[in-house]
Amino acid sequence: MPSSLRPQQVGILIAIGFLLLSWLIPGVQIVVLPLQYLNTHLHEMGHALASVMTGGSVSSIEVHSDGSGVTTTQMTHPVIVASAGYVGASLMGSLLIAFSRNGEMARRALLGISVILMIECIFWLRSDTVGMISGFGYMILFLLLGLQLRGWPAIIVAQFVGVQQCLTSLQAVFALVNPRILAFTDSDATILQGITHVPAILWSVGWSLFSVILMTWALLTAWSNPKTRPGSPSAAS
């Protein structure tokens with residue numbers, strides 16, 4: 001890790017603080033609601049991919065105008081699939097951060113998010129107007145970002161989106177402790193409580209700790225003496 005933070009890294013830390021405060025200050029949530037739609041699309045894709053990878057099937061993904069979502073699946077391993085929303089979003093976010101060590105890797109990571117959203121939109125997204133527009137809109141946005149951004153802009157965008165995804169698991173704790181903070185309640189933790197009889201708050205805290213650890217590892221990886229400086233020709237290509 002560098003001895004002093006670069007301005008771009010300070011900006012990422014400020015963004016972390018803003019995202020956390022936006023969940024606690026009434027009225028600010030409406031400002032970050034478009035980002036919540038992205039969170040929900042990737043969260044639900046975590047459920048869908050886990051279901052397919054464990055031998056199940058996916059009927060549909062819905063993302064609603066209040067930022068909530070639901071994935072209809074046939075599950076063979078419900079504990080894994082129910083956990084995969086927050087865990088999957090954290091994994092995607094941490095990989096997005098870790099791969100953003102230089103501009104070229106960050107650009108490819110952004111294109112990877114576009115591919116994930118493309119799979120959702122083509123095969124499973126069956127939502128209302130807001131869900132459909134946000135799903136296809138973000139798919140196109142990340143495609144354009146991946147194709148157009150170079151150097152530090154690509155790195156900053158990739159790291160911001162990655163941090164945002166890692167932090168979403170903290171919402172599970174906030175929603176259970178005070179459901180009025182968020183526009184929706186956390187159903188994943190309550191589903192697992194019914195299956196395993198482990199209290200929902202323990203599932204939520206566990207996901208949050210996992211996410212914070214992953215995010216910290218990813219930031220240290222991305223910020224520690226990158227082999228190629230972002231401003232160099234190979235990094236900005």
# chains A, B, ... in the order shown; residues from 1 in each chain; ligands from 1

call {"tool": "residues_around", "arguments": {"residues": "A:Val70", "least_positions_apart": "5", "cutoff": "8 Å", "atoms": "only C-alpha atoms", "output": "VMD selection string"}}
result
chain A and resid 44 61 to 63

call {"tool": "residues_around", "arguments": {"residues": "A:Ser169", "least_positions_apart": "5", "cutoff": "10 Å", "atoms": "only C-alpha atoms", "output": "MDAnalysis selection string"}}
result
chainID A and resid 39 43 85:90 164 174 204:212

call {"tool": "select_by_dssp", "arguments": {"residues": "stretch 42-228 of chain A", "states": "strand (DSSP E or B)", "output": "PyMOL selection string"}}
result
chain A and resi 57-63+69-74+125

call {"tool": "atom_distance", "arguments": {"atom1": "atom CA of A:Trp217", "atom2": "atom CA of A:Gly67"}}
result
28.1 Å

call {"tool": "select_by_dssp", "arguments": {"residues": "chain A", "states": "alpha helix (DSSP H)", "output": "ChimeraX atom specification"}}
result
/A:7-22,33-53,78-98,103-119,129-148,151-177,187-196,200-223

call {"tool": "residues_around", "arguments": {"residues": "A:Met75", "least_positions_apart": "6", "cutoff": "12 Å", "atoms": "only C-alpha atoms", "output": "JSON, numbers by chain"}}
result
{"A": [47, 48, 49, 50, 51, 52, 53, 54, 55, 56, 57, 58, 59, 81, 82]}

call {"tool": "write_last_selection", "arguments": {"atoms": "C-alpha atoms", "output": "mmCIF file, in the first residue's frame"}}
result
data_model
loop_
_atom_site.group_PDB
_atom_site.id
_atom_site.type_symbol
_atom_site.label_atom_id
_atom_site.label_comp_id
_atom_site.auth_asym_id
_atom_site.auth_seq_id
_atom_site.Cartn_x
_atom_site.Cartn_y
_atom_site.Cartn_z
ATOM 1 C CA HIS A 47 -29.176 -15.878 -6.611
ATOM 2 C CA ALA A 48 -29.759 -16.912 -10.225
ATOM 3 C CA LEU A 49 -26.185 -17.982 -10.944
ATOM 4 C CA ALA A 50 -25.965 -19.904 -7.660
ATOM 5 C CA SER A 51 -29.169 -21.749 -8.483
ATOM 6 C CA VAL A 52 -27.937 -22.757 -11.940
ATOM 7 C CA MET A 53 -24.478 -23.745 -10.660
ATOM 8 C CA THR A 54 -25.976 -26.006 -7.976
ATOM 9 C CA GLY A 55 -28.287 -27.865 -10.336
ATOM 10 C CA GLY A 56 -31.401 -25.707 -10.060
ATOM 11 C CA SER A 57 -33.169 -23.504 -12.580
ATOM 12 C CA VAL A 58 -34.300 -19.891 -12.840
ATOM 13 C CA SER A 59 -37.738 -18.788 -13.997
ATOM 14 C CA VAL A 81 -28.912 -19.862 -3.211
ATOM 15 C CA ALA A 82 -30.419 -17.671 -0.493
#

call {"tool": "closest_residue", "arguments": {"among": "A:Trp23, A:Phe18, A:Phe160, A:Trp152", "to": "A:Met105", "atoms": "only C-alpha atoms"}}
result
A:Trp152

call {"tool": "residues_around", "arguments": {"residues": "A:Gly135", "least_positions_apart": "2", "cutoff": "10 Å", "atoms": "only C-alpha atoms", "output": "PyMOL selection string"}}
result
chain A and resi 37-38+40-42+62-63+114+117-118+120-121+125+127+129-133+137-141

call {"tool": "write_last_selection", "arguments": {"atoms": "C-alpha atoms", "output": "short mmCIF file (atom, residue, chain, number, x, y, z; two decimals), in the first residue's frame"}}
result
data_model
loop_
_atom_site.label_atom_id
_atom_site.label_comp_id
_atom_site.auth_asym_id
_atom_site.auth_seq_id
_atom_site.Cartn_x
_atom_site.Cartn_y
_atom_site.Cartn_z
CA TYR A 37 -31.30 -0.61 -8.99
CA LEU A 38 -27.83 -1.72 -10.07
CA THR A 40 -30.52 -5.22 -6.97
CA HIS A 41 -29.83 -6.48 -10.50
CA LEU A 42 -26.44 -7.89 -9.45
CA GLU A 62 -37.83 -8.96 -11.12
CA VAL A 63 -36.53 -5.56 -10.03
CA SER A 114 -21.99 -5.64 -18.85
CA LEU A 117 -26.24 -7.92 -17.01
CA MET A 118 -26.64 -9.08 -20.62
CA GLU A 120 -29.78 -11.42 -16.95
CA CYS A 121 -31.61 -9.30 -19.52
CA LEU A 125 -35.35 -10.41 -16.57
CA SER A 127 -39.81 -7.09 -14.60
CA THR A 129 -40.96 -0.88 -16.60
CA VAL A 130 -38.39 0.40 -14.11
CA GLY A 131 -36.75 -3.00 -13.81
CA MET A 132 -36.52 -3.48 -17.57
CA ILE A 133 -35.22 0.02 -18.27
CA GLY A 137 -29.79 0.68 -19.37
CA TYR A 138 -27.00 -0.47 -17.07
CA MET A 139 -26.03 -3.21 -19.52
CA ILE A 140 -25.52 -0.62 -22.26
CA LEU A 141 -23.88 1.87 -19.87
#

call {"tool": "atom_distance", "arguments": {"atom1": "atom CA of A:Arg107", "atom2": "atom CA of A:Gln165"}}
result
17.3 Å

call {"tool": "atom_distance", "arguments": {"atom1": "atom CA of A:Arg150", "atom2": "atom CA of A:Ile116"}}
result
21.1 Å

call {"tool": "decode", "arguments": {"residues": "stretch 19-156 of chain A", "atoms": "C-alpha atoms", "output": "short mmCIF file (atom, residue, chain, number, x, y, z; two decimals), in the first residue's frame"}}
result
data_model
loop_
_atom_site.label_atom_id
_atom_site.label_comp_id
_atom_site.auth_asym_id
_atom_site.auth_seq_id
_atom_site.Cartn_x
_atom_site.Cartn_y
_atom_site.Cartn_z
CA LEU A 19 -22.96 5.65 0.61
CA LEU A 20 -23.13 4.66 4.27
CA LEU A 21 -24.66 7.99 5.30
CA SER A 22 -27.21 7.78 2.47
CA TRP A 23 -28.81 4.79 4.20
CA LEU A 24 -29.16 6.68 7.48
CA ILE A 25 -30.25 10.18 6.45
CA PRO A 26 -33.96 10.46 5.49
CA GLY A 27 -34.48 11.75 1.99
CA VAL A 28 -30.98 10.99 0.72
CA GLN A 29 -32.02 7.52 -0.40
CA ILE A 30 -33.89 8.98 -3.35
CA VAL A 31 -30.58 10.41 -4.63
CA VAL A 32 -28.90 7.01 -4.69
CA LEU A 33 -31.98 5.04 -5.84
CA PRO A 34 -30.59 4.59 -9.40
CA LEU A 35 -27.52 2.96 -7.83
CA GLN A 36 -29.83 0.76 -5.76
CA TYR A 37 -31.30 -0.61 -8.99
CA LEU A 38 -27.83 -1.72 -10.07
CA ASN A 39 -27.27 -3.31 -6.66
CA THR A 40 -30.52 -5.22 -6.97
CA HIS A 41 -29.83 -6.48 -10.50
CA LEU A 42 -26.44 -7.89 -9.45
CA HIS A 43 -27.81 -9.18 -6.13
CA GLU A 44 -30.55 -11.12 -7.92
CA MET A 45 -28.03 -12.40 -10.46
CA GLY A 46 -26.10 -13.83 -7.52
CA HIS A 47 -29.18 -15.88 -6.61
CA ALA A 48 -29.76 -16.91 -10.23
CA LEU A 49 -26.18 -17.98 -10.94
CA ALA A 50 -25.96 -19.90 -7.66
CA SER A 51 -29.17 -21.75 -8.48
CA VAL A 52 -27.94 -22.76 -11.94
CA MET A 53 -24.48 -23.75 -10.66
CA THR A 54 -25.98 -26.01 -7.98
CA GLY A 55 -28.29 -27.86 -10.34
CA GLY A 56 -31.40 -25.71 -10.06
CA SER A 57 -33.17 -23.50 -12.58
CA VAL A 58 -34.30 -19.89 -12.84
CA SER A 59 -37.74 -18.79 -14.00
CA SER A 60 -37.46 -15.02 -13.72
CA ILE A 61 -35.79 -12.00 -12.11
CA GLU A 62 -37.83 -8.96 -11.12
CA VAL A 63 -36.53 -5.56 -10.03
CA HIS A 64 -39.12 -3.15 -8.68
CA SER A 65 -39.34 0.63 -8.62
CA ASP A 66 -38.65 0.81 -4.86
CA GLY A 67 -35.27 -0.90 -5.34
CA SER A 68 -36.37 -4.34 -4.16
CA GLY A 69 -36.15 -7.49 -6.24
CA VAL A 70 -37.04 -11.16 -6.37
CA THR A 71 -35.64 -14.18 -8.20
CA THR A 72 -37.96 -17.12 -8.84
CA THR A 73 -35.98 -20.37 -8.88
CA GLN A 74 -36.20 -24.09 -8.48
CA MET A 75 -33.53 -24.68 -5.82
CA THR A 76 -31.71 -27.86 -4.91
CA HIS A 77 -29.51 -26.09 -2.31
CA PRO A 78 -31.65 -23.32 -0.77
CA VAL A 79 -29.06 -22.26 1.82
CA ILE A 80 -26.46 -21.60 -0.89
CA VAL A 81 -28.91 -19.86 -3.21
CA ALA A 82 -30.42 -17.67 -0.49
CA SER A 83 -26.95 -16.60 0.65
CA ALA A 84 -25.73 -15.93 -2.87
CA GLY A 85 -27.45 -12.56 -3.24
CA TYR A 86 -25.25 -10.62 -0.83
CA VAL A 87 -22.28 -12.97 -1.13
CA GLY A 88 -22.45 -12.87 -4.92
CA ALA A 89 -22.68 -9.08 -5.06
CA SER A 90 -19.71 -8.84 -2.67
CA LEU A 91 -17.66 -11.24 -4.79
CA MET A 92 -18.47 -9.30 -7.96
CA GLY A 93 -17.63 -6.03 -6.26
CA SER A 94 -14.35 -7.23 -4.77
CA LEU A 95 -13.20 -8.74 -8.07
CA LEU A 96 -14.11 -5.49 -9.83
CA ILE A 97 -11.90 -3.58 -7.38
CA ALA A 98 -9.04 -6.08 -7.40
CA PHE A 99 -8.91 -6.17 -11.21
CA SER A 100 -8.75 -2.38 -11.42
CA ARG A 101 -5.01 -2.20 -10.76
CA ASN A 102 -4.55 -0.44 -14.09
CA GLY A 103 -6.71 1.10 -16.76
CA GLU A 104 -6.78 -1.88 -19.11
CA MET A 105 -7.80 -4.34 -16.41
CA ALA A 106 -10.44 -1.91 -15.09
CA ARG A 107 -11.86 -1.52 -18.59
CA ARG A 108 -12.17 -5.29 -18.98
CA ALA A 109 -13.80 -5.58 -15.55
CA LEU A 110 -16.45 -3.05 -16.56
CA LEU A 111 -17.13 -5.05 -19.72
CA GLY A 112 -17.49 -8.14 -17.51
CA ILE A 113 -20.30 -6.46 -15.55
CA SER A 114 -21.99 -5.64 -18.85
CA VAL A 115 -21.84 -9.33 -19.82
CA ILE A 116 -23.39 -10.39 -16.50
CA LEU A 117 -26.24 -7.92 -17.01
CA MET A 118 -26.64 -9.08 -20.62
CA ILE A 119 -27.17 -12.66 -19.42
CA GLU A 120 -29.78 -11.42 -16.95
CA CYS A 121 -31.61 -9.30 -19.52
CA ILE A 122 -31.69 -11.95 -22.24
CA PHE A 123 -32.59 -15.01 -20.19
CA TRP A 124 -34.30 -14.05 -16.93
CA LEU A 125 -35.35 -10.41 -16.57
CA ARG A 126 -39.15 -10.29 -16.48
CA SER A 127 -39.81 -7.09 -14.60
CA ASP A 128 -41.89 -3.93 -14.55
CA THR A 129 -40.96 -0.88 -16.60
CA VAL A 130 -38.39 0.40 -14.11
CA GLY A 131 -36.75 -3.00 -13.81
CA MET A 132 -36.52 -3.48 -17.57
CA ILE A 133 -35.22 0.02 -18.27
CA SER A 134 -32.65 -0.11 -15.47
CA GLY A 135 -31.46 -3.59 -16.47
CA PHE A 136 -30.96 -2.86 -20.16
CA GLY A 137 -29.79 0.68 -19.37
CA TYR A 138 -27.00 -0.47 -17.07
CA MET A 139 -26.03 -3.21 -19.52
CA ILE A 140 -25.52 -0.62 -22.26
CA LEU A 141 -23.88 1.87 -19.87
CA PHE A 142 -21.22 -0.59 -18.72
CA LEU A 143 -20.61 -1.67 -22.31
CA LEU A 144 -19.96 1.96 -23.31
CA LEU A 145 -17.84 2.62 -20.22
CA GLY A 146 -15.73 -0.44 -20.90
CA LEU A 147 -15.23 0.53 -24.52
CA GLN A 148 -14.59 4.24 -24.01
CA LEU A 149 -12.83 4.76 -20.66
CA ARG A 150 -9.05 4.62 -20.38
CA GLY A 151 -6.55 5.06 -17.55
CA TRP A 152 -7.65 6.65 -14.28
CA PRO A 153 -11.30 7.25 -15.29
CA ALA A 154 -11.76 3.51 -15.88
CA ILE A 155 -10.05 2.70 -12.57
CA ILE A 156 -12.14 5.18 -10.56
#
